[in-house]
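Coordinates as given in model25.json (JSON, C-alpha atoms and all ligand atoms):
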[["chain", "number", "residue", "atom", "x", "y", "z"],
["A", 24, "MET", "CA", -66.19, 142.45, -3.75],
["A", 25, "SER", "CA", -64.52, 139.50, -2.02],
["A", 26, "ALA", "CA", -64.16, 139.14, 1.73],
["A", 27, "THR", "CA", -60.39, 138.79, 1.29],
["A", 28, "ALA", "CA", -60.16, 142.13, -0.45],
["A", 29, "THR", "CA", -62.15, 143.98, 2.19],
["A", 30, "THR", "CA", -59.78, 142.95, 4.98],
["A", 31, "LEU", "CA", -56.76, 144.53, 3.32],
["A", 32, "ALA", "CA", -57.52, 148.22, 3.97],
["A", 33, "LEU", "CA", -54.28, 149.33, 2.39],
["A", 34, "LYS", "CA", -52.84, 152.77, 1.87],
["A", 35, "ARG", "CA", -53.79, 153.58, -1.66],
["A", 36, "ASP", "CA", -50.42, 154.13, -3.31],
["A", 37, "PHE", "CA", -48.04, 151.28, -4.02],
["A", 38, "LEU", "CA", -44.65, 152.95, -4.36],
["A", 39, "THR", "CA", -42.16, 150.72, -2.55],
["A", 40, "GLY", "CA", -43.82, 147.61, -1.10],
["A", 41, "THR", "CA", -43.02, 148.82, 2.42],
["A", 42, "GLU", "CA", -46.61, 150.11, 2.60],
["A", 43, "TRP", "CA", -47.79, 146.61, 3.48],
["A", 44, "ASN", "CA", -47.36, 144.58, 6.63],
["A", 45, "PRO", "CA", -46.83, 140.79, 6.52],
["A", 46, "LYS", "CA", -50.49, 140.00, 7.09],
["A", 47, "GLN", "CA", -51.56, 142.32, 4.29],
["A", 48, "LEU", "CA", -49.10, 140.55, 2.00],
["A", 49, "ARG", "CA", -50.54, 137.14, 2.95],
["A", 50, "ASP", "CA", -54.08, 138.39, 2.30],
["A", 51, "PHE", "CA", -52.89, 139.85, -0.98],
["A", 52, "PHE", "CA", -51.48, 136.52, -2.16],
["A", 53, "ARG", "CA", -54.77, 134.83, -1.23],
["A", 54, "LEU", "CA", -56.66, 137.37, -3.31],
["A", 55, "SER", "CA", -54.20, 136.91, -6.21],
["A", 56, "ALA", "CA", -54.76, 133.14, -6.12],
["A", 57, "GLU", "CA", -58.52, 133.62, -6.02],
["A", 58, "MET", "CA", -58.48, 136.05, -8.94],
["A", 59, "LYS", "CA", -56.18, 133.76, -10.93],
["A", 60, "ALA", "CA", -58.45, 130.75, -10.32],
["A", 61, "HIS", "CA", -61.72, 132.62, -10.95],
["A", 62, "PRO", "CA", -61.08, 135.48, -13.39],
["A", 63, "ASP", "CA", -64.77, 135.58, -14.40],
["A", 64, "ARG", "CA", -65.85, 136.64, -10.92],
["A", 65, "TYR", "CA", -63.88, 139.87, -11.28],
["A", 66, "ARG", "CA", -64.66, 140.84, -14.86],
["A", 67, "GLY", "CA", -66.53, 144.06, -14.08],
["A", 68, "ALA", "CA", -64.61, 145.03, -10.94],
["A", 69, "LEU", "CA", -63.12, 148.14, -12.53],
["A", 70, "ALA", "CA", -65.87, 148.87, -15.07],
["A", 71, "GLY", "CA", -65.69, 152.49, -16.15],
["A", 72, "SER", "CA", -62.25, 153.11, -14.60],
["A", 73, "VAL", "CA", -59.50, 154.62, -16.71],
["A", 74, "PHE", "CA", -55.79, 154.29, -15.92],
["A", 75, "VAL", "CA", -52.80, 156.15, -17.28],
["A", 76, "LEU", "CA", -49.54, 154.29, -17.79],
["A", 77, "ILE", "CA", -46.73, 156.82, -17.94],
["A", 78, "PHE", "CA", -43.38, 155.22, -18.78],
["A", 79, "GLU", "CA", -39.95, 156.88, -18.98],
["A", 80, "LYS", "CA", -38.29, 153.55, -19.87],
["A", 81, "PRO", "CA", -39.15, 150.70, -22.25],
["A", 82, "SER", "CA", -41.26, 147.72, -21.15],
["A", 83, "LEU", "CA", -42.75, 144.51, -22.48],
["A", 84, "ARG", "CA", -44.09, 142.64, -19.45],
["A", 85, "THR", "CA", -45.16, 145.52, -17.23],
["A", 86, "ARG", "CA", -47.00, 147.40, -19.93],
["A", 87, "VAL", "CA", -48.77, 144.38, -21.41],
["A", 88, "THR", "CA", -49.74, 142.83, -18.08],
["A", 89, "PHE", "CA", -51.14, 146.07, -16.67],
["A", 90, "GLU", "CA", -53.04, 146.90, -19.85],
["A", 91, "THR", "CA", -54.37, 143.35, -20.14],
["A", 92, "GLY", "CA", -55.26, 143.20, -16.45],
["A", 93, "ILE", "CA", -57.13, 146.50, -16.62],
["A", 94, "ALA", "CA", -59.06, 145.30, -19.68],
["A", 95, "ASN", "CA", -59.86, 141.97, -17.96],
["A", 96, "LEU", "CA", -61.37, 143.90, -15.04],
["A", 97, "GLY", "CA", -63.52, 146.02, -17.34],
["A", 98, "GLY", "CA", -61.43, 149.20, -17.24],
["A", 99, "SER", "CA", -59.41, 150.93, -19.92],
["A", 100, "SER", "CA", -55.90, 152.34, -20.16],
["A", 101, "ILE", "CA", -54.01, 155.13, -21.87],
["A", 102, "PHE", "CA", -50.29, 154.67, -22.50],
["A", 103, "LEU", "CA", -48.15, 157.81, -22.34],
["A", 104, "ASP", "CA", -44.78, 157.08, -23.89],
["A", 105, "HIS", "CA", -42.14, 159.18, -22.14],
["A", 106, "THR", "CA", -39.17, 157.09, -23.24],
["A", 107, "SER", "CA", -37.75, 159.96, -25.26],
["A", 108, "ALA", "CA", -38.60, 162.83, -22.89],
["A", 109, "ARG", "CA", -38.57, 162.59, -19.11],
["A", 110, "LEU", "CA", -41.72, 163.56, -17.28],
["A", 111, "ALA", "CA", -40.56, 166.94, -16.03],
["A", 112, "GLU", "CA", -39.20, 168.15, -19.37],
["A", 113, "ARG", "CA", -42.46, 169.60, -20.68],
["A", 114, "GLU", "CA", -44.10, 170.57, -17.39],
["A", 115, "PRO", "CA", -43.52, 170.00, -13.67],
["A", 116, "VAL", "CA", -44.39, 166.55, -12.34],
["A", 117, "ARG", "CA", -46.83, 168.08, -9.84],
["A", 118, "ASP", "CA", -48.79, 169.68, -12.70],
["A", 119, "ILE", "CA", -48.94, 166.35, -14.53],
["A", 120, "ALA", "CA", -50.32, 164.75, -11.35],
["A", 121, "ARG", "CA", -52.84, 167.54, -10.74],
["A", 122, "ASN", "CA", -54.14, 167.21, -14.28],
["A", 123, "LEU", "CA", -54.29, 163.43, -14.35],
["A", 124, "GLU", "CA", -56.20, 163.15, -11.08],
["A", 125, "ARG", "CA", -59.05, 165.15, -12.62],
["A", 126, "TRP", "CA", -59.55, 162.60, -15.41],
["A", 127, "VAL", "CA", -58.43, 159.12, -14.44],
["A", 128, "GLN", "CA", -58.78, 156.66, -11.55],
["A", 129, "GLY", "CA", -55.13, 155.61, -11.25],
["A", 130, "ILE", "CA", -51.57, 156.30, -12.40],
["A", 131, "ILE", "CA", -49.08, 153.53, -13.16],
["A", 132, "ALA", "CA", -45.60, 155.00, -13.64],
["A", 133, "ARG", "CA", -42.18, 153.68, -14.67],
["A", 134, "VAL", "CA", -39.60, 156.32, -13.84],
["A", 135, "PHE", "CA", -35.90, 156.97, -13.50],
["A", 136, "ALA", "CA", -36.10, 158.46, -10.01],
["A", 137, "GLN", "CA", -38.17, 157.14, -7.11],
["A", 138, "GLU", "CA", -38.68, 160.81, -6.15],
["A", 139, "THR", "CA", -40.77, 161.27, -9.31],
["A", 140, "LEU", "CA", -43.21, 158.66, -7.99],
["A", 141, "ASP", "CA", -43.27, 160.38, -4.60],
["A", 142, "GLU", "CA", -44.09, 163.67, -6.31],
["A", 143, "LEU", "CA", -46.83, 162.10, -8.41],
["A", 144, "ALA", "CA", -48.31, 160.47, -5.32],
["A", 145, "ALA", "CA", -48.11, 163.64, -3.24],
["A", 146, "ASN", "CA", -49.99, 165.63, -5.87],
["A", 147, "ALA", "CA", -52.54, 163.17, -7.21],
["A", 148, "ASN", "CA", -55.58, 162.15, -5.23],
["A", 149, "VAL", "CA", -55.74, 158.82, -7.07],
["A", 150, "PRO", "CA", -53.58, 155.72, -6.50],
["A", 151, "VAL", "CA", -50.05, 155.77, -7.91],
["A", 152, "ILE", "CA", -48.35, 152.43, -8.64],
["A", 153, "ASN", "CA", -44.62, 151.92, -9.09],
["A", 154, "ALA", "CA", -44.08, 150.12, -12.41],
["A", 155, "LEU", "CA", -40.27, 150.23, -11.77],
["A", 156, "SER", "CA", -37.99, 152.99, -10.56],
["A", 157, "ASP", "CA", -34.25, 153.24, -9.96],
["A", 158, "LYS", "CA", -34.88, 151.97, -6.43],
["A", 159, "PHE", "CA", -37.69, 149.41, -6.50],
["A", 160, "HIS", "CA", -39.63, 147.06, -8.75],
["A", 161, "PRO", "CA", -42.31, 145.93, -6.30],
["A", 162, "CYS", "CA", -44.86, 144.52, -8.78],
["A", 163, "GLN", "CA", -42.21, 142.12, -10.06],
["A", 164, "ALA", "CA", -41.33, 140.96, -6.55],
["A", 165, "LEU", "CA", -45.03, 140.38, -5.77],
["A", 166, "ALA", "CA", -45.24, 138.13, -8.84],
["A", 167, "ASP", "CA", -42.01, 136.36, -7.89],
["A", 168, "PHE", "CA", -43.02, 135.45, -4.35],
["A", 169, "PHE", "CA", -46.53, 134.53, -5.48],
["A", 170, "THR", "CA", -44.91, 132.18, -8.03],
["A", 171, "LEU", "CA", -42.68, 130.70, -5.33],
["A", 172, "GLU", "CA", -45.64, 130.20, -3.02],
["A", 173, "GLU", "CA", -47.44, 128.31, -5.80],
["A", 174, "ARG", "CA", -44.34, 126.18, -6.32],
["A", 175, "PHE", "CA", -43.32, 125.46, -2.73],
["A", 176, "GLY", "CA", -46.60, 125.96, -0.87],
["A", 177, "ASN", "CA", -45.07, 128.15, 1.83],
["A", 178, "LEU", "CA", -42.76, 131.14, 1.82],
["A", 179, "ARG", "CA", -41.74, 131.06, 5.47],
["A", 180, "GLY", "CA", -38.10, 130.07, 5.68],
["A", 181, "LEU", "CA", -37.87, 129.63, 1.90],
["A", 182, "LYS", "CA", -34.23, 130.07, 0.92],
["A", 183, "LEU", "CA", -33.79, 132.49, -1.98],
["A", 184, "ALA", "CA", -30.35, 133.44, -3.28],
["A", 185, "TYR", "CA", -29.99, 136.64, -5.29],
["A", 186, "VAL", "CA", -26.73, 136.88, -7.22],
["A", 187, "GLY", "CA", -25.56, 140.03, -9.01],
["A", 188, "ASP", "CA", -26.29, 143.73, -8.73],
["A", 189, "GLY", "CA", -27.81, 145.15, -5.55],
["A", 190, "ASN", "CA", -30.32, 147.03, -7.71],
["A", 191, "ASN", "CA", -34.04, 147.85, -7.82],
["A", 192, "MET", "CA", -34.93, 144.17, -8.25],
["A", 193, "CYS", "CA", -32.74, 143.13, -5.34],
["A", 194, "HIS", "CA", -34.30, 145.85, -3.15],
["A", 195, "SER", "CA", -37.82, 144.67, -3.90],
["A", 196, "LEU", "CA", -36.94, 141.02, -3.27],
["A", 197, "LEU", "CA", -35.59, 142.07, 0.13],
["A", 198, "THR", "CA", -38.62, 144.20, 0.95],
["A", 199, "ILE", "CA", -41.26, 141.69, -0.09],
["A", 200, "GLY", "CA", -39.20, 138.64, 0.91],
["A", 201, "ALA", "CA", -38.81, 139.95, 4.46],
["A", 202, "ARG", "CA", -42.58, 140.40, 4.73],
["A", 203, "ALA", "CA", -43.09, 136.86, 3.43],
["A", 204, "GLY", "CA", -40.73, 135.47, 6.11],
["A", 205, "ALA", "CA", -38.27, 134.17, 3.52],
["A", 206, "HIS", "CA", -34.57, 133.65, 4.04],
["A", 207, "ILE", "CA", -32.84, 135.90, 1.50],
["A", 208, "ARG", "CA", -29.13, 135.66, 0.77],
["A", 209, "VAL", "CA", -27.72, 138.34, -1.52],
["A", 210, "ALA", "CA", -24.25, 138.09, -3.11],
["A", 211, "THR", "CA", -22.84, 141.16, -4.89],
["A", 212, "PRO", "CA", -19.40, 142.46, -5.80],
["A", 213, "ALA", "CA", -17.91, 145.11, -3.50],
["A", 214, "GLY", "CA", -19.51, 148.49, -4.12],
["A", 215, "TYR", "CA", -22.73, 146.99, -5.58],
["A", 216, "GLU", "CA", -24.45, 146.02, -2.33],
["A", 217, "PRO", "CA", -28.11, 146.89, -1.86],
["A", 218, "ASP", "CA", -28.98, 150.23, -0.26],
["A", 219, "ALA", "CA", -28.22, 150.26, 3.49],
["A", 220, "GLY", "CA", -31.65, 151.70, 4.32],
["A", 221, "VAL", "CA", -33.43, 148.97, 2.36],
["A", 222, "ILE", "CA", -31.35, 146.28, 4.11],
["A", 223, "ALA", "CA", -32.07, 147.75, 7.56],
["A", 224, "GLU", "CA", -35.82, 147.94, 6.88],
["A", 225, "ALA", "CA", -35.89, 144.37, 5.56],
["A", 226, "LYS", "CA", -33.96, 143.09, 8.58],
["A", 227, "ARG", "CA", -36.36, 144.85, 10.93],
["A", 228, "VAL", "CA", -39.36, 143.21, 9.23],
["A", 229, "ALA", "CA", -37.57, 139.84, 9.03],
["A", 230, "ARG", "CA", -37.17, 139.84, 12.82],
["A", 231, "GLU", "CA", -40.96, 140.02, 13.06],
["A", 232, "THR", "CA", -41.62, 137.32, 10.43],
["A", 233, "ARG", "CA", -38.71, 135.06, 11.43],
["A", 234, "GLY", "CA", -37.25, 135.58, 8.01],
["A", 235, "LYS", "CA", -33.56, 136.19, 7.50],
["A", 236, "ILE", "CA", -31.55, 138.68, 5.44],
["A", 237, "GLU", "CA", -27.88, 138.05, 4.67],
["A", 238, "ILE", "CA", -25.68, 140.25, 2.49],
["A", 239, "LEU", "CA", -22.66, 138.30, 1.27],
["A", 240, "ARG", "CA", -19.81, 138.53, -1.21],
["A", 241, "SER", "CA", -19.60, 134.91, -2.36],
["A", 242, "PRO", "CA", -22.14, 133.63, -4.94],
["A", 243, "GLU", "CA", -21.34, 130.04, -3.86],
["A", 244, "GLU", "CA", -22.16, 130.81, -0.23],
["A", 245, "ALA", "CA", -25.42, 132.51, -1.23],
["A", 246, "VAL", "CA", -26.54, 129.69, -3.54],
["A", 247, "SER", "CA", -25.52, 126.79, -1.33],
["A", 248, "GLY", "CA", -28.71, 124.87, -0.47],
["A", 249, "ALA", "CA", -30.99, 127.60, -1.88],
["A", 250, "GLN", "CA", -34.45, 126.60, -3.15],
["A", 251, "ALA", "CA", -34.63, 129.59, -5.49],
["A", 252, "VAL", "CA", -31.77, 131.23, -7.37],
["A", 253, "TYR", "CA", -32.50, 134.69, -8.77],
["A", 254, "THR", "CA", -30.47, 137.02, -10.92],
["A", 255, "ASP", "CA", -31.08, 140.21, -12.89],
["A", 256, "VAL", "CA", -29.20, 142.17, -15.55],
["A", 257, "TRP", "CA", -25.83, 143.65, -14.65],
["A", 258, "VAL", "CA", -26.71, 146.86, -16.48],
["A", 259, "SER", "CA", -30.09, 148.30, -15.60],
["A", 260, "MET", "CA", -31.99, 150.75, -17.79],
["A", 261, "GLY", "CA", -30.24, 154.10, -17.50],
["A", 262, "GLN", "CA", -26.80, 152.60, -16.74],
["A", 263, "GLU", "CA", -25.83, 151.86, -20.35],
["A", 264, "THR", "CA", -22.65, 153.98, -20.23],
["A", 265, "GLU", "CA", -21.30, 151.68, -17.45],
["A", 266, "ALA", "CA", -21.87, 148.50, -19.47],
["A", 267, "ALA", "CA", -18.24, 147.63, -20.31],
["A", 268, "GLN", "CA", -16.97, 148.19, -16.80],
["A", 269, "ARG", "CA", -19.89, 146.32, -15.22],
["A", 270, "GLU", "CA", -19.34, 143.25, -17.41],
["A", 271, "VAL", "CA", -15.85, 143.01, -15.97],
["A", 272, "THR", "CA", -16.91, 143.64, -12.37],
["A", 273, "PHE", "CA", -19.76, 141.10, -12.48],
["A", 274, "ALA", "CA", -17.96, 138.37, -14.43],
["A", 275, "GLY", "CA", -17.69, 136.13, -11.35],
["A", 276, "TYR", "CA", -21.40, 136.54, -10.60],
["A", 277, "GLN", "CA", -22.82, 134.61, -13.55],
["A", 278, "VAL", "CA", -25.47, 132.03, -12.69],
["A", 279, "ASN", "CA", -24.15, 129.08, -14.68],
["A", 280, "GLU", "CA", -24.58, 125.31, -14.42],
["A", 281, "GLN", "CA", -21.73, 124.96, -11.94],
["A", 282, "LEU", "CA", -23.16, 127.57, -9.57],
["A", 283, "PHE", "CA", -26.76, 126.37, -9.93],
["A", 284, "ALA", "CA", -25.66, 122.81, -9.11],
["A", 285, "GLN", "CA", -24.83, 124.00, -5.59],
["A", 286, "ALA", "CA", -28.46, 124.93, -4.91],
["A", 287, "ALA", "CA", -30.97, 122.48, -3.38],
["A", 288, "PRO", "CA", -31.94, 119.48, -5.56],
["A", 289, "ASP", "CA", -35.44, 120.92, -6.13],
["A", 290, "ALA", "CA", -34.19, 124.47, -6.71],
["A", 291, "VAL", "CA", -35.76, 126.75, -9.29],
["A", 292, "PHE", "CA", -34.23, 129.56, -11.31],
["A", 293, "LEU", "CA", -35.85, 133.00, -11.52],
["A", 294, "HIS", "CA", -35.18, 136.14, -13.55],
["A", 295, "CYS", "CA", -37.44, 139.17, -13.94],
["A", 296, "LEU", "CA", -36.51, 139.46, -17.64],
["A", 297, "PRO", "CA", -35.32, 140.73, -20.02],
["A", 298, "ALA", "CA", -32.27, 138.47, -19.65],
["A", 299, "HIS", "CA", -28.90, 138.44, -21.35],
["A", 300, "ARG", "CA", -27.96, 134.82, -22.00],
["A", 301, "GLY", "CA", -24.19, 134.43, -21.69],
["A", 302, "LEU", "CA", -23.83, 137.33, -19.24],
["A", 303, "GLU", "CA", -25.71, 137.14, -15.92],
["A", 304, "VAL", "CA", -27.09, 133.67, -16.76],
["A", 305, "THR", "CA", -26.15, 130.86, -19.14],
["A", 306, "GLU", "CA", -28.56, 129.33, -21.62],
["A", 307, "GLY", "CA", -28.18, 126.02, -19.79],
["A", 308, "VAL", "CA", -29.66, 127.52, -16.62],
["A", 309, "ILE", "CA", -32.35, 129.82, -17.99],
["A", 310, "ASP", "CA", -33.65, 127.41, -20.65],
["A", 311, "GLN", "CA", -33.95, 124.29, -18.46],
["A", 312, "PRO", "CA", -37.07, 122.77, -16.87],
["A", 313, "ARG", "CA", -36.20, 124.17, -13.43],
["A", 314, "SER", "CA", -36.38, 127.69, -14.79],
["A", 315, "ILE", "CA", -39.72, 129.31, -13.89],
["A", 316, "ILE", "CA", -39.22, 132.61, -15.71],
["A", 317, "TYR", "CA", -42.42, 132.35, -17.75],
["A", 318, "ASP", "CA", -44.49, 131.48, -14.67],
["A", 319, "GLN", "CA", -43.15, 134.66, -13.10],
["A", 320, "ALA", "CA", -44.11, 136.59, -16.23],
["A", 321, "GLU", "CA", -47.60, 135.07, -16.29],
["A", 322, "ASN", "CA", -48.14, 135.89, -12.65],
["A", 323, "ARG", "CA", -47.36, 139.56, -13.26],
["A", 324, "LEU", "CA", -50.84, 139.65, -14.79],
["A", 325, "HIS", "CA", -52.59, 137.97, -11.87],
["A", 326, "VAL", "CA", -50.91, 139.93, -9.07],
["A", 327, "GLU", "CA", -51.35, 143.24, -10.87],
["A", 328, "LYS", "CA", -55.07, 142.56, -11.26],
["A", 329, "ALA", "CA", -55.18, 141.82, -7.54],
["A", 330, "LEU", "CA", -53.21, 144.99, -6.85],
["A", 331, "LEU", "CA", -55.62, 147.15, -8.85],
["A", 332, "HIS", "CA", -58.55, 145.45, -7.13],
["A", 333, "THR", "CA", -56.99, 146.02, -3.72],
["A", 334, "LEU", "CA", -56.24, 149.69, -4.30],
["A", 335, "LEU", "CA", -59.42, 150.60, -6.14],
["A", 336, "ALA", "CA", -62.23, 148.11, -5.88],
["A", 337, "SER", "CA", -62.14, 147.02, -2.25],
["B", 1, "LIG", "N1", -39.69, 142.40, -15.75],
["B", 1, "LIG", "C1", -40.16, 143.54, -16.31],
["B", 1, "LIG", "O1", -40.56, 144.48, -15.63],
["B", 1, "LIG", "O2", -40.14, 143.55, -17.66],
["B", 1, "LIG", "P1", -40.39, 144.81, -18.60],
["B", 1, "LIG", "O3", -39.21, 145.75, -18.41],
["B", 1, "LIG", "O4", -40.47, 144.26, -19.97],
["B", 1, "LIG", "O5", -41.66, 145.50, -18.18],
["B", 2, "LIG", "N1", -32.91, 146.00, -13.02],
["B", 2, "LIG", "C1", -33.59, 146.05, -14.29],
["B", 2, "LIG", "C2", -34.95, 145.43, -14.19],
["B", 2, "LIG", "C3", -35.72, 145.38, -15.48],
["B", 2, "LIG", "C4", -37.08, 144.78, -15.35],
["B", 2, "LIG", "C5", -33.67, 147.48, -14.78],
["B", 2, "LIG", "O1", -33.99, 148.36, -13.98],
["B", 2, "LIG", "O2", -33.42, 147.71, -15.96]]
Using C-alpha cells, write down the structure that the file contains.
Ligand code: CP
Ligand code: NVA
Amino acid sequence: MSATATTLALKRDFLTGTEWNPKQLRDFFRLSAEMKAHPDRYRGALAGSVFVLIFEKPSLRTRVTFETGIANLGGSSIFLDHTSARLAEREPVRDIARNLERWVQGIIARVFAQETLDELAANANVPVINALSDKFHPCQALADFFTLEERFGNLRGLKLAYVGDGNNMCHSLLTIGARAGAHIRVATPAGYEPDAGVIAEAKRVARETRGKIEILRSPEEAVSGAQAVYTDVWVSMGQETEAAQREVTFAGYQVNEQLFAQAAPDAVFLHCLPAHRGLEVTEGVIDQPRSIIYDQAENRLHVEKALLHTLLAS
C-alpha cells in the first residue's frame, strides 16, 4: 500500500466526481502517475477481488480498461450485458444490489439514469463506480485531466474549451476541472447548456481553487487562446431519435481547422471517443499530431487502476 493512497481516505463510491475535494484529486493524480510508472508494484493489490461490470449501454474503452486494470491488479471481473434489457426490467435495482454485495467486492455500472447508480450505491455495501450515466462520465474526465497534467505539467489556470453539447461529458469536465483549478469555457447552442446545478457546484469549487467556469454561446470566444479544445458527440447514447434535429442545431459547433486555429499555438485536441469525423470534429483536427485522443484512452487504464486501488486497497 503506498503512502499516497493512504492519505486519500475517500468515500467509497465514485458516482459523480463531487465526492472528492481538490486535495484528494491532486493526491489521486499522484497515485495514478505512480501506478502508471510502476505497474509491477501494484500487481497483487486486488488479488482475490471480483468485480461486476453491469452495462446498459455499449462500450469499448470503459469495459476494456476496467477489465484490463482489474486483471493487472490481480482481481477478476464478470461482465453483465444489459444493453438489451435495462437493469430494473427483470428485478428491482435494489435487489440486484443486495445480491451482488454478497458475492463481489465492487460494482462498475454504465446506466441510462444517474438515479440507478444512486440506488445501487444505497443498497450495496461495496463500492459503486459510475462508468457513464446520463449525467456524468467521471472516469473519463479523470483520464482527461491526468493526460493534460502530463502534457502541460500543471492544471491550475489551464484553459480548456469545451464546444458542443452540455452533456454528461461536459458535466464531468466542469466537476473535475473545477477541482483541478482549471479555467473551463463551455460553448453550447441555446437550450443545450450544462445543468444549472452542475454549473453552480463547479463555480463554488472554482472559487476555492482559483479556477474559472464560463458558459458561453460562441465557439470562437470559448476556443480563443485555449490550451485544450474538447468536443464530444452531438447525439449521446439514448438520444438517437433526436439525431437529425441535433445535427442541424449543432452545425455551427464543429471543431474544424478554422476554429482550432484560434486556440493557443501549443493547443491540444481532446475527445472522449467514439467520434464522428465530419460532424462534431473534422478529420484534419482529430487526426493531427496535436490530437491526444489515444493518450486519453490509454490513461483511462491507469486512472481506473488508481481509482480501484483508492476505493478498495487503501
Ligand atoms: N469514452 C468512452 O467511455 O468510451 P466507451 O463508450 O467506448 O466506453
Ligand atoms: N456523451 C457520450 C459519451 C460517450 C463516451 C454518450 O453519453 O454517449
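For the point (-32.7, 133.4, -13.1) in file coordinates, the residues within 8 Å, using all atoms listed in the file, are A:Val252, A:Tyr253, A:Thr254, A:Asp255, A:Val278, A:Phe292, A:Leu293, A:His294, A:Cys295, A:Val304, A:Val308, A:Ile309, A:Ser314, A:Ile316.
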Can you pull out every residue with an atom within 10 Å of ligand LIG 2 (chain B)? Use all atoms listed in the file and format it as a VMD selection string. chain A and resid 80 to 85 133 to 135 154 to 160 163 188 to 194 254 to 263 294 to 298
Residues from the last selection, C-alpha atoms, saved as an mmCIF file, keeping the file's coordinate frame:
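Printed below is result.cif as written:
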data_model
loop_
_atom_site.group_PDB
_atom_site.id
_atom_site.type_symbol
_atom_site.label_atom_id
_atom_site.label_comp_id
_atom_site.auth_asym_id
_atom_site.auth_seq_id
_atom_site.Cartn_x
_atom_site.Cartn_y
_atom_site.Cartn_z
ATOM 1 C CA LYS A 80 -38.290 153.550 -19.870
ATOM 2 C CA PRO A 81 -39.150 150.700 -22.250
ATOM 3 C CA SER A 82 -41.260 147.720 -21.150
ATOM 4 C CA LEU A 83 -42.750 144.510 -22.480
ATOM 5 C CA ARG A 84 -44.090 142.640 -19.450
ATOM 6 C CA THR A 85 -45.160 145.520 -17.230
ATOM 7 C CA ARG A 133 -42.180 153.680 -14.670
ATOM 8 C CA VAL A 134 -39.600 156.320 -13.840
ATOM 9 C CA PHE A 135 -35.900 156.970 -13.500
ATOM 10 C CA ALA A 154 -44.080 150.120 -12.410
ATOM 11 C CA LEU A 155 -40.270 150.230 -11.770
ATOM 12 C CA SER A 156 -37.990 152.990 -10.560
ATOM 13 C CA ASP A 157 -34.250 153.240 -9.960
ATOM 14 C CA LYS A 158 -34.880 151.970 -6.430
ATOM 15 C CA PHE A 159 -37.690 149.410 -6.500
ATOM 16 C CA HIS A 160 -39.630 147.060 -8.750
ATOM 17 C CA GLN A 163 -42.210 142.120 -10.060
ATOM 18 C CA ASP A 188 -26.290 143.730 -8.730
ATOM 19 C CA GLY A 189 -27.810 145.150 -5.550
ATOM 20 C CA ASN A 190 -30.320 147.030 -7.710
ATOM 21 C CA ASN A 191 -34.040 147.850 -7.820
ATOM 22 C CA MET A 192 -34.930 144.170 -8.250
ATOM 23 C CA CYS A 193 -32.740 143.130 -5.340
ATOM 24 C CA HIS A 194 -34.300 145.850 -3.150
ATOM 25 C CA THR A 254 -30.470 137.020 -10.920
ATOM 26 C CA ASP A 255 -31.080 140.210 -12.890
ATOM 27 C CA VAL A 256 -29.200 142.170 -15.550
ATOM 28 C CA TRP A 257 -25.830 143.650 -14.650
ATOM 29 C CA VAL A 258 -26.710 146.860 -16.480
ATOM 30 C CA SER A 259 -30.090 148.300 -15.600
ATOM 31 C CA MET A 260 -31.990 150.750 -17.790
ATOM 32 C CA GLY A 261 -30.240 154.100 -17.500
ATOM 33 C CA GLN A 262 -26.800 152.600 -16.740
ATOM 34 C CA GLU A 263 -25.830 151.860 -20.350
ATOM 35 C CA HIS A 294 -35.180 136.140 -13.550
ATOM 36 C CA CYS A 295 -37.440 139.170 -13.940
ATOM 37 C CA LEU A 296 -36.510 139.460 -17.640
ATOM 38 C CA PRO A 297 -35.320 140.730 -20.020
ATOM 39 C CA ALA A 298 -32.270 138.470 -19.650
#
From the set A:Pro161, A:Pro150, A:Gly40, A:Gly67, which residue has the shortest atom-to-atom contact distance to ligand LIG 1 (chain B), counting only C-alpha atoms and all ligand atoms?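 So, comparing all the options, the nearest one is A:Pro161.
Considering the residues A:Leu171, A:Ala56, A:Ala164, A:Ile93 and counting all atoms listed in the file, ligand LIG 1 (chain B) has its shortest atom-to-atom contact with A:Ala164.
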Distance atom CA of Thr39 of chain A-atom CA of Pro62 of chain A, one decimal place?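 Distance between the two atoms: 26.6 Å.
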If I wrap all listed atoms of segment 63-73 of chain A in a box with edges along x, y and z and add 6 Å on each side, what are its centre and edge lengths in Å to one decimal, as JSON?
{"center_x": -63.0, "center_y": 145.1, "center_z": -13.8, "size_x": 19.0, "size_y": 31.0, "size_z": 17.8}
